[in-house]
Structure formats: structure tokens, C-alpha cells
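Chemist: Following this line is query-v5.tsv, made up of TSV, C-alpha atoms:
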chain	number	residue	atom	x	y	z
A	1	MET	CA	63.90	-31.41	18.57
A	2	LYS	CA	60.64	-31.30	20.44
A	3	GLU	CA	61.02	-27.55	20.87
A	4	GLN	CA	61.48	-27.11	17.13
A	5	ASP	CA	58.30	-29.18	16.45
A	6	LYS	CA	56.35	-26.91	18.80
A	7	ARG	CA	57.58	-23.81	16.96
A	8	ASN	CA	56.65	-25.33	13.61
A	9	ASN	CA	53.16	-26.10	14.92
A	10	ILE	CA	52.74	-22.52	16.17
A	11	TYR	CA	53.98	-21.09	12.86
A	12	SER	CA	51.56	-23.32	10.93
A	13	LEU	CA	48.65	-22.38	13.23
A	14	ALA	CA	49.23	-18.62	12.94
A	15	PRO	CA	48.05	-18.33	9.29
A	16	LEU	CA	45.05	-20.54	10.10
A	17	LEU	CA	44.07	-18.32	13.04
A	18	LEU	CA	44.53	-15.20	10.93
A	19	PHE	CA	42.34	-16.71	8.19
A	20	MET	CA	39.60	-17.59	10.73
A	21	ILE	CA	39.61	-14.04	12.16
A	22	PHE	CA	39.45	-12.56	8.67
A	23	THR	CA	36.58	-14.90	7.69
A	24	THR	CA	34.65	-14.05	10.86
A	25	CYS	CA	35.01	-10.32	10.13
A	26	ILE	CA	33.77	-10.74	6.55
A	27	VAL	CA	30.73	-12.80	7.63
A	28	THR	CA	29.86	-10.24	10.33
A	29	VAL	CA	30.02	-7.34	7.86
A	30	LEU	CA	27.86	-9.26	5.36
A	31	LEU	CA	25.23	-10.07	7.99
A	32	ILE	CA	25.04	-6.44	9.15
A	33	GLY	CA	24.71	-5.29	5.54
A	34	ALA	CA	21.98	-7.82	4.77
A	35	ASP	CA	19.98	-6.72	7.82
A	36	GLY	CA	20.29	-3.07	6.79
A	37	TYR	CA	19.20	-3.92	3.25
A	38	ARG	CA	16.12	-5.75	4.58
A	39	THR	CA	15.19	-2.74	6.73
A	40	PHE	CA	15.53	-0.31	3.82
A	41	GLN	CA	13.63	-2.60	1.48
A	42	SER	CA	10.75	-2.97	3.95
A	43	ARG	CA	10.55	0.80	4.46
A	44	ASP	CA	10.63	1.47	0.72
A	45	GLN	CA	7.94	-1.14	0.05
A	46	ALA	CA	5.62	0.48	2.62
A	47	ALA	CA	6.19	3.93	1.08
A	48	PHE	CA	5.55	2.52	-2.40
A	49	GLU	CA	2.25	0.95	-1.29
A	50	ARG	CA	1.13	4.25	0.25
A	51	ARG	CA	1.90	6.18	-2.93
A	52	ILE	CA	0.13	3.59	-5.04
A	53	THR	CA	-2.99	3.71	-2.82
A	54	VAL	CA	-3.26	7.49	-3.11
A	55	GLN	CA	-2.53	7.44	-6.85
A	56	TYR	CA	-5.07	4.67	-7.45
A	57	LEU	CA	-7.86	6.53	-5.62
A	58	THR	CA	-6.98	9.89	-7.20
A	59	THR	CA	-6.87	8.42	-10.70
A	60	ARG	CA	-10.18	6.58	-10.33
A	61	ILE	CA	-11.88	9.74	-9.05
A	62	ARG	CA	-10.38	11.95	-11.77
A	63	GLN	CA	-11.48	9.47	-14.46
A	64	ASN	CA	-15.09	9.81	-13.31
A	65	ASP	CA	-15.05	13.52	-12.52
A	66	VAL	CA	-18.11	14.25	-14.66
A	67	THR	CA	-21.49	15.65	-13.68
A	68	ASP	CA	-23.05	13.26	-11.13
A	69	GLY	CA	-20.17	10.84	-11.69
A	70	VAL	CA	-18.84	10.83	-8.11
A	71	SER	CA	-20.90	10.32	-4.97
A	72	VAL	CA	-20.39	9.03	-1.44
A	73	GLY	CA	-22.64	6.61	0.42
A	74	GLU	CA	-22.72	3.29	2.25
A	75	PHE	CA	-22.37	-0.24	1.01
A	76	ALA	CA	-22.73	-3.06	3.53
A	77	GLY	CA	-22.31	-0.56	6.38
A	78	LYS	CA	-19.00	0.78	5.03
A	79	ASP	CA	-18.15	4.22	3.67
A	80	THR	CA	-18.18	3.80	-0.09
A	81	LEU	CA	-17.22	5.90	-3.06
A	82	PHE	CA	-19.65	5.46	-5.95
A	83	LEU	CA	-18.36	6.21	-9.43
A	84	CYS	CA	-21.39	6.36	-11.73
A	85	GLU	CA	-21.55	5.96	-15.48
A	86	ALA	CA	-24.19	5.15	-18.09
A	87	LEU	CA	-23.50	2.34	-20.55
A	88	ASP	CA	-26.05	1.31	-23.19
A	89	GLY	CA	-28.82	3.17	-21.35
A	90	LYS	CA	-28.15	1.48	-17.99
A	91	MET	CA	-26.56	3.04	-14.91
A	92	TYR	CA	-23.50	1.30	-13.50
A	93	HIS	CA	-21.58	1.95	-10.29
A	94	THR	CA	-18.00	1.26	-9.46
A	95	ARG	CA	-17.99	0.90	-5.69
A	96	ILE	CA	-14.71	1.55	-3.91
A	97	TYR	CA	-14.64	0.56	-0.24
A	98	CYS	CA	-12.65	-1.21	2.46
A	99	HIS	CA	-13.71	-4.67	3.68
A	100	ASP	CA	-11.86	-7.41	5.58
A	101	GLY	CA	-8.59	-5.49	5.56
A	102	TYR	CA	-8.53	-4.76	1.83
A	103	LEU	CA	-9.34	-1.88	-0.45
A	104	ARG	CA	-11.91	-3.33	-2.84
A	105	GLU	CA	-13.55	-2.36	-6.10
A	106	LEU	CA	-16.87	-3.68	-7.38
A	107	PHE	CA	-18.33	-2.80	-10.79
A	108	CYS	CA	-22.02	-3.61	-11.22
A	109	GLU	CA	-25.41	-2.27	-12.29
A	110	ALA	CA	-26.54	0.53	-10.01
A	111	ASP	CA	-29.60	-1.25	-8.62
A	112	MET	CA	-28.01	-4.67	-8.05
A	113	GLU	CA	-27.02	-5.84	-4.57
A	114	PHE	CA	-23.90	-7.84	-3.82
A	115	ALA	CA	-22.09	-9.03	-0.73
A	116	PRO	CA	-19.03	-6.91	0.16
A	117	ASP	CA	-16.81	-9.96	-0.46
A	118	ALA	CA	-17.72	-9.75	-4.16
A	119	GLY	CA	-15.39	-6.80	-4.71
A	120	GLU	CA	-11.96	-7.31	-6.22
A	121	LYS	CA	-9.14	-6.99	-3.68
A	122	ILE	CA	-6.86	-4.13	-4.67
A	123	MET	CA	-4.46	-3.72	-1.71
A	124	GLU	CA	-4.27	-4.06	2.06
A	125	LEU	CA	-5.93	-1.27	4.07
A	126	LYS	CA	-7.34	-1.06	7.55
A	127	ASP	CA	-10.03	1.56	6.90
A	128	LEU	CA	-11.23	4.01	4.28
A	129	GLN	CA	-13.55	6.97	4.81
A	130	PHE	CA	-15.08	9.35	2.29
A	131	HIS	CA	-16.68	12.75	2.95
A	132	LEU	CA	-18.15	14.90	0.19
A	133	THR	CA	-18.85	18.53	1.08
A	134	GLY	CA	-19.88	20.62	-1.88
A	135	ASN	CA	-17.27	19.88	-4.47
A	136	LEU	CA	-14.54	18.92	-1.96
A	137	LEU	CA	-13.98	15.19	-1.52
A	138	THR	CA	-12.04	14.16	1.58
A	139	VAL	CA	-10.55	10.65	1.65
A	140	ILE	CA	-9.11	9.34	4.92
A	141	ILE	CA	-6.93	6.26	4.43
A	142	THR	CA	-5.88	4.13	7.40
A	143	TYR	CA	-3.04	1.71	6.66
A	144	PRO	CA	-2.47	-1.70	8.32
A	145	ASP	CA	0.16	-0.18	10.65
A	146	ASP	CA	-2.53	2.24	12.00
A	147	SER	CA	-0.98	5.29	10.34
A	148	SER	CA	-3.36	7.40	8.31
A	149	GLU	CA	-3.33	9.87	5.47
A	150	THR	CA	-5.90	12.44	4.35
A	151	VAL	CA	-6.35	13.32	0.69
A	152	LEU	CA	-8.40	16.34	-0.41
A	153	LEU	CA	-9.70	16.42	-3.98
A	154	GLN	CA	-11.57	19.27	-5.65
A	155	LEU	CA	-14.17	17.84	-8.03
A	156	ARG	CA	-14.10	19.99	-11.14
A	157	SER	CA	-17.38	18.84	-12.64
A	158	LYS	CA	-19.57	20.08	-9.79
A	159	ARG	CA	-20.64	23.69	-9.93
A	160	GLU	CA	-20.45	25.71	-6.75
A	161	GLY	CA	-23.73	26.74	-5.17
A	162	LEU	CA	-25.62	23.62	-6.28
A	163	TYR	CA	-24.61	21.47	-3.33
A	164	ASP	CA	-24.97	21.91	0.42
A	165	LYS	CA	-21.82	22.95	2.20
Just give me the structure as C-alpha cells.
Modeler:
Amino acid sequence: MKEQDKRNNIYSLAPLLLFMIFTTCIVTVLLIGADGYRTFQSRDQAAFERRITVQYLTTRIRQNDVTDGVSVGEFAGKDTLFLCEALDGKMYHTRIYCHDGYLRELFCEADMEFAPDAGEKIMELKDLQFHLTGNLLTVIITYPDDSSETVLLQLRSKREGLYDK
């Protein structure tokens, strides 16, 4: 009788062991899938932020691509893009620059001075450089992961021959 009890115990343990192995396999597959999803999501988010940065800068420049509407200079020791416009007889600048790890934008009267912290944070960036040669604007964007991207924009409002090359 004892031998029959042992067989019954083994037969009742077999489905339990099989269930535990099956459950372990399912959990392992789910964990691997979740890790892969996180990796893809992180990569896609970084690519999205890069596209948005380039599109933001390109759009802002194209919106102000009028005669004397785009210039490059310094603001608080940082390379700055100045987008100029006249409103009600006063000159205003939109300053686009990088400060404290963020792309920032500051709209103010042209002759007013502000601290670089006054600009609105747009997105995370490590560095931003602008170079204007004739009617070719070069923008060098350095992202937080130290990768960089160069964008070349031809300003349509500037006439060739009027600016130093």
C-alpha cells in the first residue's frame, strides 16, 4: 500500500512540475520581450527628439527668412541665432541659443538685456553653434549623448554678392 501511495504522489506532482516549468518559460519570454520593447522605445524616442530639434530650428529660420531677418552673434558668451522683426515700429529679436543643457528661445526688444536663464527651455541639448557665411547658415547641434549633427540652410532672402564670403 505504501508503494501505491508513493506512485499516487508522483503522479500528482508531475502535472504541478509541468505547470511550473511552463509558467517559468512564459515569464522568461515576457521579460525578454519587455526588455526589447524598452530598448526600441528608447532608441525611437532619441531619434524623434533629433528630428524635432532639426525641424524646430529649420522652421524658425524659414519663418524669418526675410531681408535682415536672420543673423548670428553672441548672447551671454554663447553662439546665438537672432531672428529679427519689426512690430509697431520697434525691433524685436528672438534669440535661439543653448544654455545649461537646453535649447532656449527668448523673445524680447532688440536693445534689452536679459540673463540667459530667461529663455524658454525647448529641449535638451549639449551645445549649439551657428555660422553664417554669405547666405549659407550652418547649424551644428550637439546632443546630450555627445553625438552631433550639422544642418546647412540656404537663406533665400539674402542676395549674393552683398555679404562677405
Chemist: I'd like the contact shell of A:Leu83 - 12 Å cut-off, all atoms listed in the file, skipping same-chain residues fewer than 3 positions apart - returned as a VMD selection string.
Modeler: chain A and resid 57 59 to 73 80 86 91 to 97 105 to 110
Chemist: Could you tell me how far atom CA of A:Ile52 lies from atom CA of A:Leu125, in Å and to one decimal?
Modeler: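 Calculated distance between atom CA of A:Ile52 and atom CA of A:Leu125 is 12.0 Å.
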Chemist: Could you tell me which of A:Lys90, A:Lys78, A:His131, A:Arg50 comes closest to A:Leu152 if we count all atoms listed in the file?
Modeler: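 When distances to A:Leu152 are compared using all atoms listed in the file, the smallest one comes from A:His131.
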Chemist: To one decimal place, how far is atom CA of A:Met123 from atom CA of A:Pro144 in Å?
Modeler: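 Going from atom CA of A:Met123 over to atom CA of A:Pro144 covers 10.4 Å.
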Chemist: Quick one, how far is atom CA of A:Cys84 from atom CA of A:Ala118?
Modeler: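 Here the two named atoms are 18.2 Å from each other.
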Chemist: A:Asp145: which residues within 12 Å, counting only C-alpha atoms, same-chain residues fewer than 5 positions away excluded, as a PyMOL selection string?
Modeler: chain A and resi 46+50+101+124-127
Chemist: Which residues, written as a ChimeraX atom specification, have at least one atom at most 7 Å from A:Leu128, with only C-alpha atoms counted and residues fewer than 6 positions away on the same chain left out?
Modeler: /A:79,97-98,140-142
Chemist: Would you mind listing what lies within 7 Å of A:His99 as a VMD selection string, with only C-alpha atoms counted and same-chain residues fewer than 4 positions away left out?
Modeler: chain A and resid 103 to 104 116
Chemist: Do you know which residues lie at most 9 Å from (-14.6, 18.8, -9.3), with coordinates as in the file and all atoms listed in the file counted, and could you write them as a PDB file with C-alpha atoms, in the coordinates of the input?
Modeler:
ATOM      1  CA  ARG A  62     -10.380  11.950 -11.770  1.00  0.00           C
ATOM      2  CA  ASP A  65     -15.050  13.520 -12.520  1.00  0.00           C
ATOM      3  CA  VAL A  66     -18.110  14.250 -14.660  1.00  0.00           C
ATOM      4  CA  THR A  67     -21.490  15.650 -13.680  1.00  0.00           C
ATOM      5  CA  ASN A 135     -17.270  19.880  -4.470  1.00  0.00           C
ATOM      6  CA  LEU A 136     -14.540  18.920  -1.960  1.00  0.00           C
ATOM      7  CA  LEU A 137     -13.980  15.190  -1.520  1.00  0.00           C
ATOM      8  CA  LEU A 153      -9.700  16.420  -3.980  1.00  0.00           C
ATOM      9  CA  GLN A 154     -11.570  19.270  -5.650  1.00  0.00           C
ATOM     10  CA  LEU A 155     -14.170  17.840  -8.030  1.00  0.00           C
ATOM     11  CA  ARG A 156     -14.100  19.990 -11.140  1.00  0.00           C
ATOM     12  CA  SER A 157     -17.380  18.840 -12.640  1.00  0.00           C
ATOM     13  CA  LYS A 158     -19.570  20.080  -9.790  1.00  0.00           C
ATOM     14  CA  ARG A 159     -20.640  23.690  -9.930  1.00  0.00           C
TER      15      ARG A 159
END
Chemist: For A:Gln55, which of A:Val151, A:Met112, A:Ile32, A:Ala14 is the closest residue, counting only C-alpha atoms?
Modeler: A:Val151
Chemist: So, with only C-alpha atoms as the atoms that count, which of A:Leu87, A:Cys25, A:Ile122, A:Val54 lies closest to A:Ser148?
Modeler: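 Under the stated criterion, the closest residue is A:Val54.
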Chemist: Please complete stretch 129-140 of chain A with all heavy atoms and give it back as a PDB file, in the coordinates of the input.
Modeler:
ATOM      1  N   GLN A 129     -12.385   6.119   4.580  1.00  0.00           N
ATOM      2  CA  GLN A 129     -13.550   6.970   4.810  1.00  0.00           C
ATOM      3  C   GLN A 129     -13.621   8.031   3.718  1.00  0.00           C
ATOM      4  O   GLN A 129     -12.589   8.565   3.291  1.00  0.00           O
ATOM      5  CB  GLN A 129     -13.461   7.664   6.169  1.00  0.00           C
ATOM      6  CG  GLN A 129     -13.458   6.705   7.331  1.00  0.00           C
ATOM      7  CD  GLN A 129     -13.189   7.432   8.638  1.00  0.00           C
ATOM      8  OE1 GLN A 129     -13.292   8.646   8.737  1.00  0.00           O
ATOM      9  NE2 GLN A 129     -12.834   6.666   9.657  1.00  0.00           N
ATOM     10  N   PHE A 130     -14.844   8.333   3.304  1.00  0.00           N
ATOM     11  CA  PHE A 130     -15.080   9.350   2.290  1.00  0.00           C
ATOM     12  C   PHE A 130     -16.060  10.382   2.838  1.00  0.00           C
ATOM     13  O   PHE A 130     -17.058  10.020   3.460  1.00  0.00           O
ATOM     14  CB  PHE A 130     -15.692   8.725   1.024  1.00  0.00           C
ATOM     15  CG  PHE A 130     -14.829   7.701   0.370  1.00  0.00           C
ATOM     16  CD1 PHE A 130     -15.056   6.349   0.576  1.00  0.00           C
ATOM     17  CD2 PHE A 130     -13.794   8.075  -0.467  1.00  0.00           C
ATOM     18  CE1 PHE A 130     -14.266   5.389  -0.031  1.00  0.00           C
ATOM     19  CE2 PHE A 130     -12.999   7.123  -1.080  1.00  0.00           C
ATOM     20  CZ  PHE A 130     -13.234   5.774  -0.866  1.00  0.00           C
ATOM     21  N   HIS A 131     -15.779  11.656   2.569  1.00  0.00           N
ATOM     22  CA  HIS A 131     -16.680  12.750   2.950  1.00  0.00           C
ATOM     23  C   HIS A 131     -16.747  13.710   1.766  1.00  0.00           C
ATOM     24  O   HIS A 131     -15.707  14.187   1.305  1.00  0.00           O
ATOM     25  CB  HIS A 131     -16.185  13.489   4.189  1.00  0.00           C
ATOM     26  CG  HIS A 131     -15.952  12.597   5.357  1.00  0.00           C
ATOM     27  ND1 HIS A 131     -16.978  12.051   6.097  1.00  0.00           N
ATOM     28  CD2 HIS A 131     -14.815  12.133   5.916  1.00  0.00           C
ATOM     29  CE1 HIS A 131     -16.475  11.305   7.065  1.00  0.00           C
ATOM     30  NE2 HIS A 131     -15.153  11.332   6.961  1.00  0.00           N
ATOM     31  N   LEU A 132     -17.965  13.988   1.300  1.00  0.00           N
ATOM     32  CA  LEU A 132     -18.150  14.900   0.190  1.00  0.00           C
ATOM     33  C   LEU A 132     -18.900  16.121   0.699  1.00  0.00           C
ATOM     34  O   LEU A 132     -20.042  16.018   1.142  1.00  0.00           O
ATOM     35  CB  LEU A 132     -18.914  14.223  -0.946  1.00  0.00           C
ATOM     36  CG  LEU A 132     -19.104  15.009  -2.227  1.00  0.00           C
ATOM     37  CD1 LEU A 132     -17.761  15.398  -2.832  1.00  0.00           C
ATOM     38  CD2 LEU A 132     -19.914  14.195  -3.226  1.00  0.00           C
ATOM     39  N   THR A 133     -18.248  17.269   0.658  1.00  0.00           N
ATOM     40  CA  THR A 133     -18.850  18.530   1.080  1.00  0.00           C
ATOM     41  C   THR A 133     -18.757  19.493  -0.078  1.00  0.00           C
ATOM     42  O   THR A 133     -17.660  19.943  -0.424  1.00  0.00           O
ATOM     43  CB  THR A 133     -18.102  19.104   2.315  1.00  0.00           C
ATOM     44  OG1 THR A 133     -18.047  18.112   3.331  1.00  0.00           O
ATOM     45  CG2 THR A 133     -18.798  20.342   2.838  1.00  0.00           C
ATOM     46  N   GLY A 134     -19.891  19.787  -0.675  1.00  0.00           N
ATOM     47  CA  GLY A 134     -19.880  20.620  -1.880  1.00  0.00           C
ATOM     48  C   GLY A 134     -19.125  19.908  -2.973  1.00  0.00           C
ATOM     49  O   GLY A 134     -19.486  18.807  -3.374  1.00  0.00           O
ATOM     50  N   ASN A 135     -18.079  20.530  -3.446  1.00  0.00           N
ATOM     51  CA  ASN A 135     -17.270  19.880  -4.470  1.00  0.00           C
ATOM     52  C   ASN A 135     -15.905  19.449  -3.928  1.00  0.00           C
ATOM     53  O   ASN A 135     -14.981  19.190  -4.680  1.00  0.00           O
ATOM     54  CB  ASN A 135     -17.116  20.781  -5.692  1.00  0.00           C
ATOM     55  CG  ASN A 135     -16.502  22.113  -5.347  1.00  0.00           C
ATOM     56  OD1 ASN A 135     -16.304  22.441  -4.182  1.00  0.00           O
ATOM     57  ND2 ASN A 135     -16.201  22.903  -6.365  1.00  0.00           N
ATOM     58  N   LEU A 136     -15.786  19.353  -2.599  1.00  0.00           N
ATOM     59  CA  LEU A 136     -14.540  18.920  -1.960  1.00  0.00           C
ATOM     60  C   LEU A 136     -14.716  17.495  -1.420  1.00  0.00           C
ATOM     61  O   LEU A 136     -15.545  17.249  -0.542  1.00  0.00           O
ATOM     62  CB  LEU A 136     -14.154  19.858  -0.820  1.00  0.00           C
ATOM     63  CG  LEU A 136     -12.842  19.529  -0.111  1.00  0.00           C
ATOM     64  CD1 LEU A 136     -11.663  19.692  -1.072  1.00  0.00           C
ATOM     65  CD2 LEU A 136     -12.668  20.414   1.103  1.00  0.00           C
ATOM     66  N   LEU A 137     -13.946  16.587  -1.956  1.00  0.00           N
ATOM     67  CA  LEU A 137     -13.980  15.190  -1.520  1.00  0.00           C
ATOM     68  C   LEU A 137     -12.785  14.948  -0.602  1.00  0.00           C
ATOM     69  O   LEU A 137     -11.639  15.183  -0.982  1.00  0.00           O
ATOM     70  CB  LEU A 137     -13.913  14.237  -2.713  1.00  0.00           C
ATOM     71  CG  LEU A 137     -13.875  12.748  -2.392  1.00  0.00           C
ATOM     72  CD1 LEU A 137     -15.168  12.309  -1.716  1.00  0.00           C
ATOM     73  CD2 LEU A 137     -13.647  11.937  -3.655  1.00  0.00           C
ATOM     74  N   THR A 138     -13.083  14.482   0.621  1.00  0.00           N
ATOM     75  CA  THR A 138     -12.040  14.160   1.580  1.00  0.00           C
ATOM     76  C   THR A 138     -11.967  12.643   1.706  1.00  0.00           C
ATOM     77  O   THR A 138     -12.978  11.984   1.943  1.00  0.00           O
ATOM     78  CB  THR A 138     -12.357  14.769   2.965  1.00  0.00           C
ATOM     79  OG1 THR A 138     -12.529  16.178   2.811  1.00  0.00           O
ATOM     80  CG2 THR A 138     -11.234  14.504   3.947  1.00  0.00           C
ATOM     81  N   VAL A 139     -10.780  12.095   1.538  1.00  0.00           N
ATOM     82  CA  VAL A 139     -10.550  10.650   1.650  1.00  0.00           C
ATOM     83  C   VAL A 139      -9.571  10.442   2.798  1.00  0.00           C
ATOM     84  O   VAL A 139      -8.469  10.993   2.782  1.00  0.00           O
ATOM     85  CB  VAL A 139      -9.974  10.063   0.348  1.00  0.00           C
ATOM     86  CG1 VAL A 139      -9.795   8.561   0.475  1.00  0.00           C
ATOM     87  CG2 VAL A 139     -10.846  10.413  -0.843  1.00  0.00           C
ATOM     88  N   ILE A 140      -9.986   9.662   3.796  1.00  0.00           N
ATOM     89  CA  ILE A 140      -9.110   9.340   4.920  1.00  0.00           C
ATOM     90  C   ILE A 140      -8.731   7.867   4.803  1.00  0.00           C
ATOM     91  O   ILE A 140      -9.591   6.985   4.862  1.00  0.00           O
ATOM     92  CB  ILE A 140      -9.788   9.628   6.269  1.00  0.00           C
ATOM     93  CG1 ILE A 140     -10.191  11.100   6.331  1.00  0.00           C
ATOM     94  CG2 ILE A 140      -8.857   9.270   7.423  1.00  0.00           C
ATOM     95  CD1 ILE A 140     -11.083  11.456   7.494  1.00  0.00           C
TER      96      ILE A 140
END
